[in-house]
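Chemist: Structure supplied as start_23.tsv; contents: TSV, C-alpha atoms.
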chain	number	residue	atom	x	y	z
A	870	MET	CA	-15.69	1.24	1.06
A	871	CYS	CA	-13.92	2.36	4.20
A	872	ALA	CA	-17.16	3.12	5.97
A	873	ALA	CA	-18.24	-0.46	5.54
A	874	LEU	CA	-21.24	-2.02	7.19
A	875	GLY	CA	-20.07	-3.20	10.56
A	876	ALA	CA	-17.40	-0.55	11.02
A	877	PHE	CA	-17.78	1.25	14.31
A	878	ALA	CA	-16.89	4.78	15.33
A	879	ILE	CA	-14.11	5.00	17.88
A	880	VAL	CA	-13.62	8.75	17.90
A	881	SER	CA	-16.16	11.50	18.36
A	882	SER	CA	-15.45	14.92	16.96
A	883	GLY	CA	-16.57	16.27	20.30
A	884	LEU	CA	-13.73	14.72	22.28
A	885	ALA	CA	-10.84	16.83	23.45
A	886	PRO	CA	-7.86	16.65	21.03
A	887	SER	CA	-5.65	14.86	23.54
A	888	ALA	CA	-8.27	12.20	24.19
A	889	VAL	CA	-8.92	11.80	20.49
A	890	ALA	CA	-5.23	11.40	19.72
A	891	ALA	CA	-4.73	8.84	22.44
A	892	ASP	CA	-7.73	6.83	21.28
A	893	VAL	CA	-7.04	6.79	17.55
A	894	GLN	CA	-3.33	6.24	17.75
A	895	SER	CA	-3.77	3.47	20.30
A	896	LYS	CA	-5.75	1.66	17.58
A	897	GLN	CA	-2.79	1.89	15.22
A	898	TRP	CA	-1.35	-1.36	16.53
A	899	TYR	CA	1.10	-1.65	13.64
A	900	LEU	CA	3.13	1.36	14.78
A	901	ASP	CA	4.41	-0.48	17.85
A	902	LEU	CA	4.82	-3.80	16.07
A	903	MET	CA	6.89	-2.19	13.35
A	904	ASP	CA	8.83	-0.14	15.94
A	905	ALA	CA	7.91	3.16	14.31
A	906	LYS	CA	9.53	5.25	17.04
A	907	GLY	CA	12.77	3.34	16.65
A	908	MET	CA	12.70	3.78	12.87
A	909	TRP	CA	12.02	7.51	13.19
A	910	LYS	CA	15.37	7.90	14.94
A	911	VAL	CA	16.93	6.89	11.62
A	912	SER	CA	14.38	8.12	9.08
A	913	THR	CA	10.99	9.82	8.95
A	914	GLY	CA	10.70	9.79	5.17
A	915	LYS	CA	11.92	13.38	4.89
A	916	GLY	CA	12.60	14.47	1.32
A	917	VAL	CA	10.45	11.77	-0.25
A	918	LYS	CA	7.21	12.52	-2.12
A	919	VAL	CA	4.45	9.95	-2.48
A	920	ALA	CA	1.79	10.31	-5.17
A	921	VAL	CA	-1.51	9.08	-3.73
A	922	LEU	CA	-3.95	8.09	-6.48
A	923	ASP	CA	-7.34	7.65	-4.86
A	924	THR	CA	-10.63	9.44	-4.10
A	925	GLY	CA	-8.82	12.72	-3.55
A	926	VAL	CA	-7.03	13.95	-0.45
A	927	ASN	CA	-8.34	16.52	2.02
A	928	PRO	CA	-5.28	18.64	2.91
A	929	ASP	CA	-7.06	20.37	5.78
A	930	THR	CA	-7.36	17.57	8.33
A	931	PRO	CA	-5.20	18.33	11.39
A	932	SER	CA	-2.88	15.43	10.61
A	933	LEU	CA	-2.31	16.51	7.00
A	934	LYS	CA	-1.86	20.25	7.37
A	935	GLY	CA	1.39	21.09	5.59
A	936	GLN	CA	1.79	17.52	4.34
A	937	VAL	CA	-0.07	17.69	1.02
A	938	LEU	CA	1.68	19.29	-1.96
A	939	VAL	CA	-1.32	20.64	-3.83
A	940	ASP	CA	0.90	22.57	-6.23
A	941	GLY	CA	2.70	19.36	-7.13
A	942	VAL	CA	-0.22	18.11	-9.23
A	943	HIS	CA	-0.13	18.96	-12.93
A	944	GLN	CA	-3.10	21.13	-13.81
A	945	VAL	CA	-4.32	18.71	-16.49
A	946	VAL	CA	-4.99	16.01	-13.87
A	947	SER	CA	-5.68	18.20	-10.86
A	948	TYR	CA	-9.49	18.16	-10.98
A	949	ASN	CA	-10.86	17.64	-7.45
A	950	ALA	CA	-7.52	16.33	-6.26
A	951	THR	CA	-8.15	17.92	-2.86
A	952	ASN	CA	-11.87	17.15	-2.71
A	953	ASP	CA	-12.22	13.71	-1.16
A	954	TYR	CA	-15.82	12.55	-1.58
A	955	LEU	CA	-15.39	9.42	0.53
A	956	GLY	CA	-12.57	9.86	3.06
A	957	HIS	CA	-10.63	6.94	1.61
A	958	GLY	CA	-7.83	8.85	-0.08
A	959	THR	CA	-7.40	11.09	2.96
A	960	THR	CA	-7.07	8.04	5.18
A	961	MET	CA	-4.35	6.63	2.93
A	962	ALA	CA	-2.49	9.93	2.92
A	963	GLU	CA	-2.65	10.14	6.73
A	964	MET	CA	-1.41	6.56	7.09
A	965	ILE	CA	1.56	7.46	4.92
A	966	ALA	CA	2.52	10.96	6.01
A	967	GLY	CA	0.13	12.14	8.71
A	968	THR	CA	1.70	14.00	11.63
A	969	GLY	CA	-0.90	12.81	14.14
A	970	ALA	CA	-1.67	16.40	15.06
A	971	GLY	CA	-5.10	17.27	16.42
A	972	GLY	CA	-6.13	13.70	17.05
A	973	GLY	CA	-5.48	12.43	13.53
A	974	LEU	CA	-3.83	9.26	12.33
A	975	GLN	CA	-0.09	9.04	12.85
A	976	GLY	CA	1.63	8.35	9.55
A	977	LEU	CA	4.37	5.76	9.31
A	978	ALA	CA	6.52	8.23	7.35
A	979	PRO	CA	5.58	11.62	8.84
A	980	GLY	CA	8.52	13.36	7.19
A	981	ALA	CA	7.31	12.47	3.71
A	982	LYS	CA	4.96	14.60	1.62
A	983	VAL	CA	1.87	13.58	-0.34
A	984	VAL	CA	0.99	14.59	-3.89
A	985	PRO	CA	-2.79	14.05	-4.33
A	986	TYR	CA	-4.67	12.72	-7.35
A	987	ARG	CA	-8.32	11.83	-7.66
A	988	VAL	CA	-8.83	8.89	-10.03
A	989	LEU	CA	-11.78	7.05	-8.45
A	990	THR	CA	-15.39	8.11	-8.92
A	991	LYS	CA	-17.49	5.19	-7.71
A	992	GLY	CA	-20.31	6.76	-5.74
A	993	VAL	CA	-19.97	10.17	-7.39
A	994	LYS	CA	-23.36	11.15	-8.84
A	995	ASN	CA	-22.34	14.37	-10.53
A	996	LYS	CA	-21.77	13.46	-14.19
A	997	THR	CA	-19.54	16.49	-14.73
A	998	ASP	CA	-17.29	15.41	-11.90
A	999	VAL	CA	-17.07	11.90	-13.28
A	1000	LYS	CA	-16.23	13.18	-16.74
A	1001	LYS	CA	-13.54	15.59	-15.56
A	1002	THR	CA	-11.84	13.18	-13.17
A	1003	PRO	CA	-8.60	11.98	-14.78
A	1004	SER	CA	-8.17	8.36	-15.75
A	1005	THR	CA	-5.80	6.17	-13.78
A	1006	ALA	CA	-3.53	6.01	-16.81
A	1007	ASP	CA	-3.35	9.81	-17.13
A	1008	ALA	CA	-2.67	10.21	-13.40
A	1009	ILE	CA	0.08	7.60	-13.44
A	1010	LYS	CA	1.74	9.33	-16.39
A	1011	ALA	CA	1.51	12.68	-14.64
A	1012	ALA	CA	2.98	11.22	-11.46
A	1013	ALA	CA	5.73	9.64	-13.53
A	1014	ASP	CA	6.64	13.07	-14.89
A	1015	SER	CA	6.62	14.63	-11.42
A	1016	ASP	CA	9.30	14.47	-8.74
A	1017	ALA	CA	7.29	12.03	-6.65
A	1018	GLN	CA	9.34	8.86	-6.21
A	1019	ILE	CA	6.56	6.53	-5.04
A	1020	ILE	CA	3.10	5.98	-6.53
A	1021	SER	CA	0.58	4.52	-4.08
A	1022	MET	CA	-2.63	3.04	-5.52
A	1023	SER	CA	-5.03	1.65	-2.90
A	1024	PHE	CA	-7.58	0.37	-5.40
A	1025	GLY	CA	-8.03	-2.28	-8.03
A	1026	GLY	CA	-10.32	-3.88	-10.55
A	1027	ASP	CA	-10.44	-7.03	-12.64
A	1028	ILE	CA	-10.09	-5.38	-16.04
A	1029	LEU	CA	-6.70	-5.05	-17.69
A	1030	ASP	CA	-6.56	-1.54	-19.17
A	1031	PRO	CA	-3.96	-1.32	-21.98
A	1032	ASP	CA	-3.55	2.42	-21.42
A	1033	GLU	CA	-2.98	1.86	-17.72
A	1034	ALA	CA	-0.43	-0.85	-18.46
A	1035	LYS	CA	1.43	1.52	-20.79
A	1036	ALA	CA	1.38	4.24	-18.14
A	1037	VAL	CA	2.79	1.82	-15.57
A	1038	LYS	CA	5.60	0.85	-17.93
A	1039	TYR	CA	6.32	4.54	-18.53
A	1040	ALA	CA	6.44	5.23	-14.79
A	1041	GLN	CA	8.84	2.32	-14.35
A	1042	SER	CA	11.09	3.78	-17.04
A	1043	LYS	CA	11.10	7.05	-15.08
A	1044	GLY	CA	12.35	5.27	-11.95
A	1045	LYS	CA	9.13	5.26	-9.92
A	1046	LEU	CA	8.28	2.63	-7.30
A	1047	MET	CA	4.60	1.61	-7.51
A	1048	PHE	CA	2.41	-0.18	-4.98
A	1049	ALA	CA	-1.21	-1.30	-5.42
A	1050	ALA	CA	-3.84	-3.14	-3.41
A	1051	THR	CA	-4.54	-6.77	-4.31
A	1052	GLY	CA	-8.21	-6.46	-3.32
A	1053	ASN	CA	-10.65	-7.49	-0.59
A	1054	ASP	CA	-12.85	-10.12	-2.25
A	1055	ALA	CA	-11.03	-13.30	-1.23
A	1056	GLU	CA	-14.18	-14.62	0.47
A	1057	THR	CA	-16.28	-14.25	-2.67
A	1058	LYS	CA	-14.94	-13.99	-6.21
A	1059	ASN	CA	-11.23	-13.36	-5.42
A	1060	PHE	CA	-10.63	-11.65	-8.77
A	1061	ILE	CA	-7.17	-10.87	-10.10
A	1062	GLY	CA	-6.68	-7.18	-9.39
A	1063	TYR	CA	-5.15	-4.50	-11.58
A	1064	PRO	CA	-3.00	-2.42	-11.37
A	1065	ALA	CA	-1.53	-4.75	-8.70
A	1066	ALA	CA	-1.19	-7.49	-11.33
A	1067	ASP	CA	0.48	-5.19	-13.85
A	1068	PRO	CA	4.21	-5.69	-14.37
A	1069	TYR	CA	6.35	-3.31	-12.30
A	1070	VAL	CA	3.61	-2.79	-9.70
A	1071	VAL	CA	4.07	-4.31	-6.25
A	1072	GLY	CA	0.87	-6.11	-5.25
A	1073	VAL	CA	0.25	-5.73	-1.50
A	1074	ALA	CA	-1.83	-8.12	0.62
A	1075	ALA	CA	-3.22	-7.39	4.10
A	1076	ALA	CA	-2.15	-9.13	7.32
A	1077	ASP	CA	-3.33	-8.91	10.92
A	1078	LYS	CA	-1.28	-8.23	14.05
A	1079	ASP	CA	-0.21	-11.87	14.22
A	1080	GLY	CA	1.14	-11.79	10.69
A	1081	LYS	CA	-1.74	-13.89	9.41
A	1082	VAL	CA	-3.21	-13.00	6.04
A	1083	ALA	CA	-6.61	-11.33	6.44
A	1084	ASP	CA	-9.54	-13.45	5.32
A	1085	PHE	CA	-10.66	-10.74	2.89
A	1086	SER	CA	-7.21	-10.26	1.32
A	1087	GLU	CA	-7.23	-11.56	-2.22
A	1088	HIS	CA	-4.64	-14.16	-3.06
A	1089	GLY	CA	-2.95	-15.31	-6.22
A	1090	ASN	CA	0.40	-15.36	-7.90
A	1091	TYR	CA	0.42	-11.58	-8.26
A	1092	VAL	CA	0.83	-10.92	-4.51
A	1093	ASP	CA	4.32	-9.57	-3.89
A	1094	LEU	CA	4.41	-8.31	-0.29
A	1095	ALA	CA	2.12	-8.08	2.74
A	1096	ALA	CA	1.59	-5.31	5.26
A	1097	PRO	CA	-0.72	-4.55	8.21
A	1098	GLY	CA	-4.29	-4.03	7.02
A	1099	ARG	CA	-6.78	-5.56	9.43
A	1100	ASN	CA	-8.72	-3.73	12.17
A	1101	VAL	CA	-7.12	-0.34	11.68
A	1102	PRO	CA	-8.62	3.14	12.13
A	1103	VAL	CA	-9.85	5.00	9.04
A	1104	TRP	CA	-12.01	8.04	8.37
A	1105	CYS	CA	-15.64	6.94	8.56
A	1106	ASP	CA	-16.76	9.19	5.70
A	1107	ALA	CA	-16.18	12.50	3.94
A	1108	THR	CA	-17.52	14.57	6.84
A	1109	PHE	CA	-14.16	13.95	8.56
A	1110	LYS	CA	-15.78	14.01	11.99
A	1111	SER	CA	-14.85	10.56	13.25
A	1112	TYR	CA	-12.66	7.54	12.67
A	1113	CYS	CA	-13.92	3.96	12.39
A	1114	VAL	CA	-12.21	0.62	12.75
A	1115	SER	CA	-12.05	-1.12	9.40
A	1116	GLY	CA	-9.32	-2.48	7.18
A	1117	GLY	CA	-8.31	-3.70	3.79
A	1118	THR	CA	-5.50	-4.10	1.32
A	1119	SER	CA	-5.82	-0.34	0.81
A	1120	ALA	CA	-4.30	0.27	4.24
A	1121	ALA	CA	-1.63	-2.35	3.58
A	1122	THR	CA	-0.69	-0.57	0.36
A	1123	ALA	CA	-0.38	2.78	2.11
A	1124	LEU	CA	1.89	1.27	4.77
A	1125	ALA	CA	4.04	-0.45	2.15
A	1126	SER	CA	4.41	2.89	0.38
A	1127	ALA	CA	5.32	4.60	3.65
A	1128	SER	CA	7.87	1.88	4.39
A	1129	ALA	CA	9.51	2.54	1.04
A	1130	ALA	CA	9.56	6.26	1.83
A	1131	LEU	CA	11.41	5.61	5.10
A	1132	ILE	CA	14.05	3.57	3.29
A	1133	TRP	CA	14.44	5.93	0.36
A	1134	SER	CA	14.86	8.89	2.69
A	1135	ALA	CA	17.66	7.10	4.51
A	1136	HIS	CA	19.27	6.08	1.21
A	1137	PRO	CA	18.49	8.89	-1.26
A	1138	THR	CA	20.95	7.66	-3.88
A	1139	TRP	CA	19.26	4.27	-4.24
A	1140	THR	CA	17.03	3.42	-7.17
A	1141	ALA	CA	13.46	2.09	-6.94
A	1142	ASN	CA	14.89	-1.36	-7.65
A	1143	GLN	CA	17.21	-1.14	-4.67
A	1144	VAL	CA	14.55	0.11	-2.27
A	1145	LEU	CA	12.24	-2.72	-3.30
A	1146	ALA	CA	15.03	-5.29	-3.22
A	1147	THR	CA	15.78	-4.50	0.42
A	1148	LEU	CA	12.09	-4.69	1.33
A	1149	ILE	CA	11.92	-8.12	-0.27
A	1150	ASP	CA	15.21	-9.36	1.21
A	1151	THR	CA	14.21	-8.38	4.75
A	1152	ALA	CA	10.55	-9.42	4.54
A	1153	GLY	CA	9.37	-11.85	7.20
A	1154	ARG	CA	8.81	-15.35	5.81
A	1155	ASP	CA	9.53	-18.98	6.61
A	1156	TRP	CA	9.49	-20.21	3.01
A	1157	PRO	CA	12.22	-20.01	0.33
A	1158	LYS	CA	12.59	-16.58	-1.17
A	1159	ASN	CA	12.40	-18.00	-4.69
A	1160	LYS	CA	8.99	-19.57	-4.00
A	1161	PRO	CA	6.81	-16.67	-2.85
A	1162	SER	CA	3.45	-17.28	-1.20
A	1163	ASN	CA	0.14	-16.77	-2.98
A	1164	TYR	CA	-1.11	-15.10	0.19
A	1165	LEU	CA	1.81	-13.07	1.56
A	1166	GLY	CA	4.11	-12.88	-1.46
A	1167	TYR	CA	7.74	-12.54	-0.43
A	1168	GLY	CA	6.61	-11.91	3.14
A	1169	LEU	CA	5.72	-9.21	5.65
A	1170	ILE	CA	7.34	-5.83	5.22
A	1171	ARG	CA	9.97	-5.01	7.84
A	1172	PRO	CA	11.56	-1.64	6.96
A	1173	ARG	CA	13.15	-1.62	10.40
A	1174	LYS	CA	15.46	-4.43	9.26
A	1175	VAL	CA	16.71	-2.22	6.44
A	1176	LEU	CA	17.12	0.93	8.51
A	1177	GLU	CA	18.98	-0.74	11.34
A	1178	ASN	CA	21.62	-2.16	8.97
A	1179	SER	CA	23.64	0.75	7.63
A	1180	SER	CA	25.79	-1.57	5.55
A	1181	ILE	CA	22.95	-3.49	3.91
A	1182	ASN	CA	23.58	-4.42	0.28
A	1183	PRO	CA	20.74	-3.16	-1.93
A	1184	GLY	CA	21.96	-4.95	-5.03
A	1185	ALA	CA	22.66	-3.48	-8.44
A	1186	PRO	CA	20.68	-0.31	-9.24
A	1187	GLY	CA	19.45	-1.65	-12.58
A	1188	THR	CA	18.41	-5.11	-11.41
A	1189	ASP	CA	14.67	-5.59	-11.08
A	1190	PRO	CA	13.94	-7.58	-7.89
A	1191	LEU	CA	10.71	-8.82	-9.49
A	1192	SER	CA	12.55	-9.81	-12.66
A	1193	PHE	CA	10.80	-13.11	-13.25
A	1194	GLU	CA	7.35	-11.67	-12.66
A	1195	ASN	CA	8.01	-8.65	-14.84
A	1196	GLY	CA	9.76	-10.48	-17.65
A	1197	THR	CA	13.04	-8.63	-17.27
A	1198	GLY	CA	16.22	-9.21	-15.34
A	1199	VAL	CA	18.73	-6.42	-15.39
A	1200	THR	CA	16.78	-3.66	-17.14
A	1201	GLY	CA	16.46	-4.61	-20.78
A	1202	ALA	CA	17.83	-8.13	-20.30
A	1203	SER	CA	16.17	-11.53	-20.43
A	1204	PRO	CA	14.05	-12.91	-17.55
A	1205	SER	CA	15.65	-14.34	-14.45
A	1206	ALA	CA	15.04	-18.03	-13.77
A	1207	SER	CA	15.18	-17.77	-10.00
A	1208	ALA	CA	11.46	-17.74	-9.20
A	1209	SER	CA	9.19	-20.74	-9.45
A	1210	THR	CA	6.34	-19.03	-11.29
A	1211	SER	CA	5.21	-15.65	-12.55
A	1212	SER	CA	3.48	-13.36	-10.08
A	1213	LYS	CA	1.44	-11.67	-12.78
A	1214	ALA	CA	-1.92	-13.03	-13.78
A	1215	PRO	CA	-3.75	-13.79	-17.04
A	1216	ASN	CA	-5.87	-11.04	-18.55
A	1217	PRO	CA	-9.31	-10.79	-16.92
A	1218	THR	CA	-12.37	-10.29	-19.07
A	1219	SER	CA	-15.03	-8.62	-16.95
A	1220	GLY	CA	-15.81	-6.45	-13.94
A	1221	GLY	CA	-14.97	-2.94	-12.88
A	1222	GLN	CA	-12.58	-0.93	-10.79
A	1223	THR	CA	-13.37	-0.30	-7.17
A	1224	SER	CA	-11.69	0.99	-4.04
A	1225	ALA	CA	-9.76	-1.74	-2.25
A	1226	ALA	CA	-11.02	-0.71	1.15
A	1227	ALA	CA	-12.86	-2.52	3.76
A	1228	SER	CA	-13.80	-5.70	5.47
A	1229	THR	CA	-14.56	-5.79	9.16
A	1230	SER	CA	-15.15	-9.49	9.52
A	1231	ASP	CA	-13.42	-11.06	12.49
A	1232	SER	CA	-13.54	-14.60	11.12
A	1233	SER	CA	-10.19	-16.21	10.55
A	1234	GLY	CA	-11.04	-17.86	7.25
A	1235	ASN	CA	-9.01	-20.71	5.85
A	1236	THR	CA	-6.46	-18.89	3.72
A	1237	THR	CA	-3.67	-19.57	6.16
A	1238	LEU	CA	-2.91	-21.62	9.24
A	1239	TRP	CA	-2.34	-20.25	12.72
A	1240	ILE	CA	1.22	-20.97	13.74
A	1241	ALA	CA	1.73	-20.42	17.45
A	1242	LEU	CA	4.94	-19.45	19.17
A	1243	GLY	CA	7.04	-22.52	19.62
A	1244	ALA	CA	5.63	-24.29	16.57
A	1245	ALA	CA	7.88	-25.76	13.94
A	1246	ALA	CA	7.52	-22.83	11.58
A	1247	ALA	CA	9.72	-19.79	11.97
A	1248	VAL	CA	8.42	-16.79	13.89
A	1249	VAL	CA	9.06	-13.39	12.39
A	1250	VAL	CA	9.59	-10.68	14.98
A	1251	LEU	CA	8.64	-7.12	14.20
A	1252	GLY	CA	9.65	-4.52	16.72
A	1253	GLY	CA	8.99	-6.82	19.64
A	1254	GLY	CA	5.76	-8.21	18.19
A	1255	ALA	CA	5.60	-11.77	16.95
A	1256	PHE	CA	4.39	-12.21	13.39
A	1257	ALA	CA	3.76	-15.91	12.88
A	1258	VAL	CA	3.57	-16.77	9.22
A	1259	ALA	CA	2.05	-19.73	7.43
A	1260	ARG	CA	3.75	-21.38	4.51
A	1261	SER	CA	1.70	-21.19	1.34
A	1262	ARG	CA	3.70	-21.24	-1.85
A	1263	ARG	CA	2.71	-20.08	-5.28
A	1264	GLY	CA	3.05	-23.50	-6.72
A	1265	ALA	CA	0.52	-24.88	-4.20
Write the structure described by the file as structure tokens, please.
Modeler:
Amino acid sequence: MCAALGAFAIVSSGLAPSAVAADVQSKQWYLDLMDAKGMWKVSTGKGVKVAVLDTGVNPDTPSLKGQVLVDGVHQVVSYNATNDYLGHGTTMAEMIAGTGAGGGLQGLAPGAKVVPYRVLTKGVKNKTDVKKTPSTADAIKAAADSDAQIISMSFGGDILDPDEAKAVKYAQSKGKLMFAATGNDAETKNFIGYPAADPYVVGVAAADKDGKVADFSEHGNYVDLAAPGRNVPVWCDATFKSYCVSGGTSAATALASASAALIWSAHPTWTANQVLATLIDTAGRDWPKNKPSNYLGYGLIRPRKVLENSSINPGAPGTDPLSFENGTGVTGASPSASASTSSKAPNPTSGGQTSAAASTSDSSGNTTLWIALGAAAAVVVLGGGAFAVARSRRGA
């Protein structure tokens, strides 16, 4: 969970708001690397709604006041949507659309709005609460029928749920763009995570400030993109009194969702396919686009590269940019042959769903190689920060 063993508090609720804000936001290293201030001159995500399926979202934190559309949740799936028992869902919402007010996290897309759903109950002891909490499938279907354009799912498990898969397909048919965490167990079992491995869901891995895949970030041929997710501030727990430094593919998923919100706000007539296509086309990588990495997918998200190019070509509105992985080319057509292998995994047989939240290990691991400036590999530059990327293809 976010308040993982080893996480340490960096903000006391007793600090003055200005001191708190300076401390927390200084820990959000990805904002400078992604040139958030520069992007906000073009887009803040205004007009875009992001459905956050998680542990619930507390709409009363200073950073989220006015940012959570409580009335946007259908009553059938609204149970405890604004009662976050862990702090995880609230962290994700703040990372997406937080204003940074009162010492809170600064969201990457502060002009966007969040529609909250509680779907996770691990750690909830009240049997009534567990029973009344909507299933992931029901929440996805409800979000698909809402006016939220993006569905952000910072969780995963190693069981393929047929109902969830049907809900995902339904959401895709309704034009939604879905992101999910690939998981944080790379150092142990490294299971294939769902819904990230479901067709039409973008599986998001976590990277550090150097663009290196985090040692905890699960890898496999279902990883589609990577985003910052190591050593970032999160709510320590559901008391909402302090932030801790932690990380995970949860955070990476929230930032990928926020990146999509920035782009969609700037290009409101685009389809989900076109928003995703531009994220893929501009992603930082030094390997061929048609041979995505098992660790970083098509590369590191760089929404700035989309926003700074007003004449960028998003491709055809009906063309699925993950056509090979999803088994479709132009919607309803046969698969594309451009990619080297499918990014979706075989059906798992055991395990359970859990929040894709936190590892605080500082070890580098061996999932990627450090490539220094000046080395033979390309260096991807994000907003003035160097993101050095290792080559690790899916066929490897």
Chemist: Choose the residue, out of A:Leu1148, A:Val911, A:Ala1066, A:Ala920, that has the smallest atom-to-atom separation from A:Val983; count only C-alpha atoms.
Modeler: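 Selected residue with least distance to A:Val983: A:Ala920.
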Chemist: Could you check which of A:Lys1110, A:Lys991, A:Lys906, A:Lys1043 is closest to A:Gly976, using all atoms listed in the file?
Modeler: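 When distances to A:Gly976 are compared using all atoms listed in the file, the smallest one comes from A:Lys906.
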Chemist: Hey, can you check how far atom CA of A:Gly1184 sits from atom CA of A:Val984?
Modeler: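 Pair atom CA of A:Gly1184 / atom CA of A:Val984 returns 28.7 Å.
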Chemist: So, counting only C-alpha atoms, which residue among A:Asn1163, A:Thr1005, A:Ala1130, A:Ser1015 is closest to A:Met908?
Modeler: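 Once distances to A:Met908 are computed over only C-alpha atoms, the minimum belongs to A:Ala1130.
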Chemist: Near stretch 957-974 of chain A, within 7 Å and counting all atoms listed in the file, which residues show up once chain neighbours fewer than 2 positions away are dropped, as an MDAnalysis selection string?
Modeler: chainID A and resid 871 886:887 889:890 893:894 921 923:927 931:933 936 953 955 976:983 1103:1104 1120 1123:1124 1127
Chemist: Go through A:Tyr948, A:Tyr899, A:Tyr1164, A:Phe1085 one by one, measure the shortest atom-to-atom distance of each to A:Val999 using all atoms listed in the file, and give the residue with the smallest value.
Modeler: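 That would be A:Tyr948, the residue with the smallest distance to A:Val999.
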Chemist: Between atom CA of A:Asn1182 and atom CA of A:Ala1095, what is the distance, to one decimal in Å?
Modeler: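 These atoms are spaced 21.9 Å apart.
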